[in-house]
Amino acid sequence: MQHRIEEELGHSYPEMVEIRRHLHMHPELSFQEVKTAAYIAGYYRDLGIEVEENVGGNGVVATIHGGLPGKTVALRADFDALPIQDEKDVPYRSTVPGVMHACGHDGHTAALLVLAKTLHTNRAQLKGKIVCIHQHAEEYAPGGAKSMIEGGCLKGVDVIFGTHLWASEPLGKIQYKEGPMMAAADRFTISIQGKGGHGAQPHKTKDSVVIASQIVVNLQQVVSRRVDPVHPAVVTVGSFKAENAFNVIGDTAELVGTVRTFQEDVRSQIEEEIRKVVAGVCSMWDAEYEYNFDRGYPAVVNDPEITSYFKKAAEKVDGVSSVEESELQMGGEDFSYYLQHVKGTFFFTGANPNGTEPAPPHHHPRFDFDERAMLLAAKTLYRAAADYQSED
């Protein structure tokens with residue numbers, strides 16, 4: 001049956017492309033994906049597949065009931081877009097100004113929809129249940145995964161698999177990793193309240209720009225001198241706001257940045273180390289401050305046993321040329337929430353549209369991917385589910 005499913009998926013590849021390009025032309029931002037969710041739900045209803053809408057917000061969950069006894073496997077795809085202007089010169093360019101699918105979520109959705117259709121067609125020989133989780137709002141914290149879980153999307157699920165089309169890697173490569181794979185993604189905001197004045201009389205002020213600048217410099221030592229070097233971590237200040245006239249010393253400045261970690265103790269340590277830096281610098285200059293540390297998605301931690309099943313399954317997929325261990329990725333993913341509730345694994349599917357040449361990165365205005373990767377993603381998700389079912 002496994003070879004037949006893969007063969008039927010190959011015949012349905014043009015449909016994947018059609019769905020992906022439709023979604024690419026009509027993107028919707030996180031928490032605003034009303035039409036996209038309706039499109040997904042309508043696809044399932046037309047096939048006669050059990051579907052539930054508005055799960056945890058705009059989430060959609062479809063369930064395929066196999067004709068044979070077995071476990072329940074969940075497969076997840078996200079479907080939100082980003083606030084980026086599409087600059088590609090392609091027929092399927094986004095028709096929504098300032099919004100585009102710049103991370104491959106349209107491809108994730110197309111792959112899962114066609115896979116679900118194929119499995120439904122062959123449901124008499126299918127073991128257990130396949131739960132297709134179509135998740136909204138992956139790009140923007142608090143994300144859609146947590147609310148969908150609270151809405152019951154994992155009820156009765158034994159294991160979950162998910163993939164991300166990875167444009168930095170060539171077509172045919174599958175990347176996996178046991179244990180931690182993607183980082184926790186947190187955000188911090190530091191507001192400095194100094195005392196403004198004339199640029200020619202700095203001695204009468206509490207210069208918020210100088211204070212904030214010292215904080216930025218000192219934060220560079222949090223990872224290099226406070227965190228154990230065997231634990232990967234990143235502290236990045238991405239925004240520095242203190243706009244004034246050239247001859248004015250402003251009384252306020254704001255810093256906004258991100259922290260990326262894999263261990264919860266390191267995560268907590270950095271939160272406190274940033275607080276110490278801010279408090280110390282502001283105390284030295286007799287300035288006031290406000291510090292907020294907002295925890296985003298936790299780290300993606302794959303189950304070792306399930307990941308081992310997955311590796312062996314991926315190696316059997318027609319069209320997969322290599323199955324390799326991934327490096328740790330500092331990017332965040334709210335697939336992490338699913339893994340806190342059930343066993344599972346998240347993997348990357350190579351999708352570089354330029355072959356061996358570098359491609360525009362994810363979240364870039366000219367981002368695109370090799371659409372053939374959707375077919376490999378669907379085949380690999382299916383093989384992972386089927387191999388897990390065979391372990392009964």
# chains A, B, ... in the order shown; residues from 1 in each chain; ligands from 1

$ closest_atom_pairs --of "segment 68-180 of chain A" --to "segment 12-17 of chain A" --cutoff "8 Å" --atoms "only C-alpha atoms" --output "CSV"
residue,atom,partner,partner_atom,distance
A:Gly107,CA,A:Met16,CA,7.9
A:Ala110,CA,A:Met16,CA,5.2
A:Ala111,CA,A:Met16,CA,6.1
A:Val114,CA,A:Met16,CA,6.3

$ closest_atom_pairs --of "segment 84-114 of chain A" --to "segment 156-175 of chain A" --cutoff "9 Å" --atoms "only C-alpha atoms" --output "Markdown table"
| residue | atom | partner | partner_atom | distance |
| --- | --- | --- | --- | --- |
| A:Cys103 | CA | A:Leu165 | CA | 8.0 |
| A:Gly104 | CA | A:Leu165 | CA | 6.0 |
| A:His105 | CA | A:His164 | CA | 8.0 |
| A:Gly107 | CA | A:Leu165 | CA | 7.5 |
| A:His108 | CA | A:His164 | CA | 7.1 |

$ select_by_dssp --residues "segment 87-205 of chain A" --states "alpha helix (DSSP H)" --output "PyMOL selection string"
chain A and resi 105-121+145-150

$ closest_atom_pairs --of "segment 189-267 of chain A" --to "segment 301-321 of chain A" --cutoff "12 Å" --atoms "only C-alpha atoms" --output "Markdown table"
| residue | atom | partner | partner_atom | distance |
| --- | --- | --- | --- | --- |
| A:Thr261 | CA | A:Val301 | CA | 12.0 |
| A:Phe262 | CA | A:Val301 | CA | 8.7 |
| A:Gln263 | CA | A:Val301 | CA | 10.2 |
| A:Glu264 | CA | A:Val301 | CA | 11.8 |

$ atom_distance --atom1 "atom CA of His11 of chain A" --atom2 "atom CA of His120 of chain A"
15.4 Å

$ closest_residue --among "A:Val323, A:Ala116, A:Ile5, A:Asp89" --to "Tyr43 of chain A" --atoms "only C-alpha atoms"
A:Ala116

$ closest_residue --among "A:Tyr289, A:Ala233, A:Ala185, A:Arg260" --to "Ser208 of chain A" --atoms "only C-alpha atoms"
A:Tyr289

$ residues_around --residues "Phe369 of chain A" --least-positions-apart "5" --cutoff "6 Å" --atoms "only C-alpha atoms" --output "ChimeraX atom specification"
/A:167,351-353

$ atom_distance --atom1 "atom CA of Ile192 of chain A" --atom2 "atom CA of Asp251 of chain A"
7.9 Å

$ select_by_dssp --residues "segment 1-83 of chain A" --states "strand (DSSP E or B)" --output "ChimeraX atom specification"
/A:29,50-55,59-65,68-78,81-82

$ closest_residue --among "A:His22, A:His362, A:His65, A:Lys88" --to "Thr121 of chain A" --atoms "only C-alpha atoms"
A:His65

$ closest_residue --among "A:Arg372, A:His134, A:His364, A:His341" --to "Glu52 of chain A" --atoms "only C-alpha atoms"
A:His134

$ closest_residue --among "A:Thr36, A:Leu154, A:Leu119, A:Pro97" --to "Gly67 of chain A" --atoms "only C-alpha atoms"
A:Leu119

$ closest_residue --among "A:Gln2, A:Ser30, A:Gln329, A:Ser224" --to "Thr118 of chain A" --atoms "only C-alpha atoms"
A:Gln2

$ residues_around --residues "Gly196 of chain A" --least-positions-apart "5" --cutoff "6 Å" --atoms "only C-alpha atoms" --output "MDAnalysis selection string"
chainID A and resid 205 249:251

$ atom_distance --atom1 "atom CA of Leu113 of chain A" --atom2 "atom CA of Tyr44 of chain A"
8.0 Å

$ decode --residues "segment 36-49 of chain A" --atoms "all heavy atoms" --output "mmCIF file, in the first residue's frame"
data_model
loop_
_atom_site.group_PDB
_atom_site.id
_atom_site.type_symbol
_atom_site.label_atom_id
_atom_site.label_comp_id
_atom_site.auth_asym_id
_atom_site.auth_seq_id
_atom_site.Cartn_x
_atom_site.Cartn_y
_atom_site.Cartn_z
ATOM 1 N N THR A 36 -8.577 31.750 4.140
ATOM 2 C CA THR A 36 -7.720 30.578 3.975
ATOM 3 C C THR A 36 -8.284 29.391 4.742
ATOM 4 O O THR A 36 -8.330 28.268 4.233
ATOM 5 C CB THR A 36 -6.295 30.878 4.466
ATOM 6 O OG1 THR A 36 -5.805 32.059 3.820
ATOM 7 C CG2 THR A 36 -5.366 29.715 4.157
ATOM 8 N N ALA A 37 -8.723 29.641 5.969
ATOM 9 C CA ALA A 37 -9.314 28.568 6.772
ATOM 10 C C ALA A 37 -10.573 28.020 6.106
ATOM 11 O O ALA A 37 -10.804 26.803 6.088
ATOM 12 C CB ALA A 37 -9.634 29.087 8.175
ATOM 13 N N ALA A 38 -11.386 28.905 5.543
ATOM 14 C CA ALA A 38 -12.609 28.467 4.858
ATOM 15 C C ALA A 38 -12.269 27.633 3.628
ATOM 16 O O ALA A 38 -12.956 26.644 3.320
ATOM 17 C CB ALA A 38 -13.441 29.684 4.468
ATOM 18 N N TYR A 39 -11.217 28.018 2.918
ATOM 19 C CA TYR A 39 -10.770 27.263 1.739
ATOM 20 C C TYR A 39 -10.353 25.854 2.136
ATOM 21 O O TYR A 39 -10.736 24.861 1.492
ATOM 22 C CB TYR A 39 -9.604 28.003 1.084
ATOM 23 C CG TYR A 39 -8.980 27.286 -0.093
ATOM 24 C CD1 TYR A 39 -9.442 27.502 -1.391
ATOM 25 C CD2 TYR A 39 -7.911 26.409 0.084
ATOM 26 C CE1 TYR A 39 -8.867 26.852 -2.478
ATOM 27 C CE2 TYR A 39 -7.330 25.752 -0.987
ATOM 28 C CZ TYR A 39 -7.808 25.980 -2.264
ATOM 29 O OH TYR A 39 -7.229 25.326 -3.331
ATOM 30 N N ILE A 40 -9.583 25.747 3.220
ATOM 31 C CA ILE A 40 -9.113 24.440 3.684
ATOM 32 C C ILE A 40 -10.290 23.575 4.117
ATOM 33 O O ILE A 40 -10.400 22.403 3.725
ATOM 34 C CB ILE A 40 -8.112 24.621 4.846
ATOM 35 C CG1 ILE A 40 -6.837 25.305 4.334
ATOM 36 C CG2 ILE A 40 -7.785 23.276 5.495
ATOM 37 C CD1 ILE A 40 -5.907 25.780 5.434
ATOM 38 N N ALA A 41 -11.171 24.143 4.923
ATOM 39 C CA ALA A 41 -12.328 23.379 5.402
ATOM 40 C C ALA A 41 -13.221 22.946 4.248
ATOM 41 O O ALA A 41 -13.744 21.818 4.227
ATOM 42 C CB ALA A 41 -13.118 24.213 6.404
ATOM 43 N N GLY A 42 -13.394 23.827 3.264
ATOM 44 C CA GLY A 42 -14.217 23.500 2.102
ATOM 45 C C GLY A 42 -13.635 22.351 1.293
ATOM 46 O O GLY A 42 -14.386 21.514 0.758
ATOM 47 N N TYR A 43 -12.319 22.308 1.200
ATOM 48 C CA TYR A 43 -11.651 21.225 0.482
ATOM 49 C C TYR A 43 -11.999 19.882 1.122
ATOM 50 O O TYR A 43 -12.321 18.905 0.427
ATOM 51 C CB TYR A 43 -10.141 21.460 0.503
ATOM 52 C CG TYR A 43 -9.316 20.466 -0.286
ATOM 53 C CD1 TYR A 43 -9.025 20.695 -1.630
ATOM 54 C CD2 TYR A 43 -8.820 19.311 0.312
ATOM 55 C CE1 TYR A 43 -8.250 19.788 -2.355
ATOM 56 C CE2 TYR A 43 -8.066 18.406 -0.406
ATOM 57 C CZ TYR A 43 -7.773 18.646 -1.743
ATOM 58 O OH TYR A 43 -7.022 17.741 -2.455
ATOM 59 N N TYR A 44 -11.950 19.825 2.447
ATOM 60 C CA TYR A 44 -12.268 18.589 3.158
ATOM 61 C C TYR A 44 -13.750 18.227 3.048
ATOM 62 O O TYR A 44 -14.107 17.057 2.863
ATOM 63 C CB TYR A 44 -11.861 18.697 4.628
ATOM 64 C CG TYR A 44 -10.378 18.543 4.850
ATOM 65 C CD1 TYR A 44 -9.598 19.621 5.270
ATOM 66 C CD2 TYR A 44 -9.744 17.325 4.637
ATOM 67 C CE1 TYR A 44 -8.229 19.484 5.477
ATOM 68 C CE2 TYR A 44 -8.381 17.174 4.842
ATOM 69 C CZ TYR A 44 -7.623 18.253 5.253
ATOM 70 O OH TYR A 44 -6.275 18.107 5.447
ATOM 71 N N ARG A 45 -14.596 19.221 3.164
ATOM 72 C CA ARG A 45 -16.037 18.942 3.066
ATOM 73 C C ARG A 45 -16.399 18.371 1.706
ATOM 74 O O ARG A 45 -17.223 17.461 1.593
ATOM 75 C CB ARG A 45 -16.840 20.213 3.339
ATOM 76 C CG ARG A 45 -17.032 20.519 4.826
ATOM 77 C CD ARG A 45 -18.158 21.520 5.026
ATOM 78 N NE ARG A 45 -17.900 22.754 4.286
ATOM 79 C CZ ARG A 45 -17.233 23.784 4.783
ATOM 80 N NH1 ARG A 45 -16.756 23.738 6.014
ATOM 81 N NH2 ARG A 45 -17.046 24.870 4.066
ATOM 82 N N ASP A 46 -15.784 18.913 0.663
ATOM 83 C CA ASP A 46 -16.062 18.427 -0.694
ATOM 84 C C ASP A 46 -15.644 16.965 -0.864
ATOM 85 O O ASP A 46 -16.209 16.249 -1.700
ATOM 86 C CB ASP A 46 -15.334 19.296 -1.731
ATOM 87 C CG ASP A 46 -15.935 20.694 -1.845
ATOM 88 O OD1 ASP A 46 -17.070 20.889 -1.361
ATOM 89 O OD2 ASP A 46 -15.266 21.577 -2.406
ATOM 90 N N LEU A 47 -14.680 16.523 -0.081
ATOM 91 C CA LEU A 47 -14.219 15.132 -0.143
ATOM 92 C C LEU A 47 -15.014 14.221 0.793
ATOM 93 O O LEU A 47 -14.833 12.999 0.777
ATOM 94 C CB LEU A 47 -12.737 15.048 0.223
ATOM 95 C CG LEU A 47 -11.747 15.708 -0.748
ATOM 96 C CD1 LEU A 47 -10.354 15.730 -0.140
ATOM 97 C CD2 LEU A 47 -11.734 14.983 -2.085
ATOM 98 N N GLY A 48 -15.857 14.823 1.618
ATOM 99 C CA GLY A 48 -16.614 14.030 2.581
ATOM 100 C C GLY A 48 -15.798 13.629 3.794
ATOM 101 O O GLY A 48 -16.121 12.656 4.483
ATOM 102 N N ILE A 49 -14.740 14.381 4.090
ATOM 103 C CA ILE A 49 -13.887 14.101 5.235
ATOM 104 C C ILE A 49 -14.375 14.900 6.436
ATOM 105 O O ILE A 49 -14.698 16.077 6.333
ATOM 106 C CB ILE A 49 -12.418 14.456 4.920
ATOM 107 C CG1 ILE A 49 -11.892 13.576 3.782
ATOM 108 C CG2 ILE A 49 -11.542 14.303 6.158
ATOM 109 C CD1 ILE A 49 -10.482 13.933 3.326
#
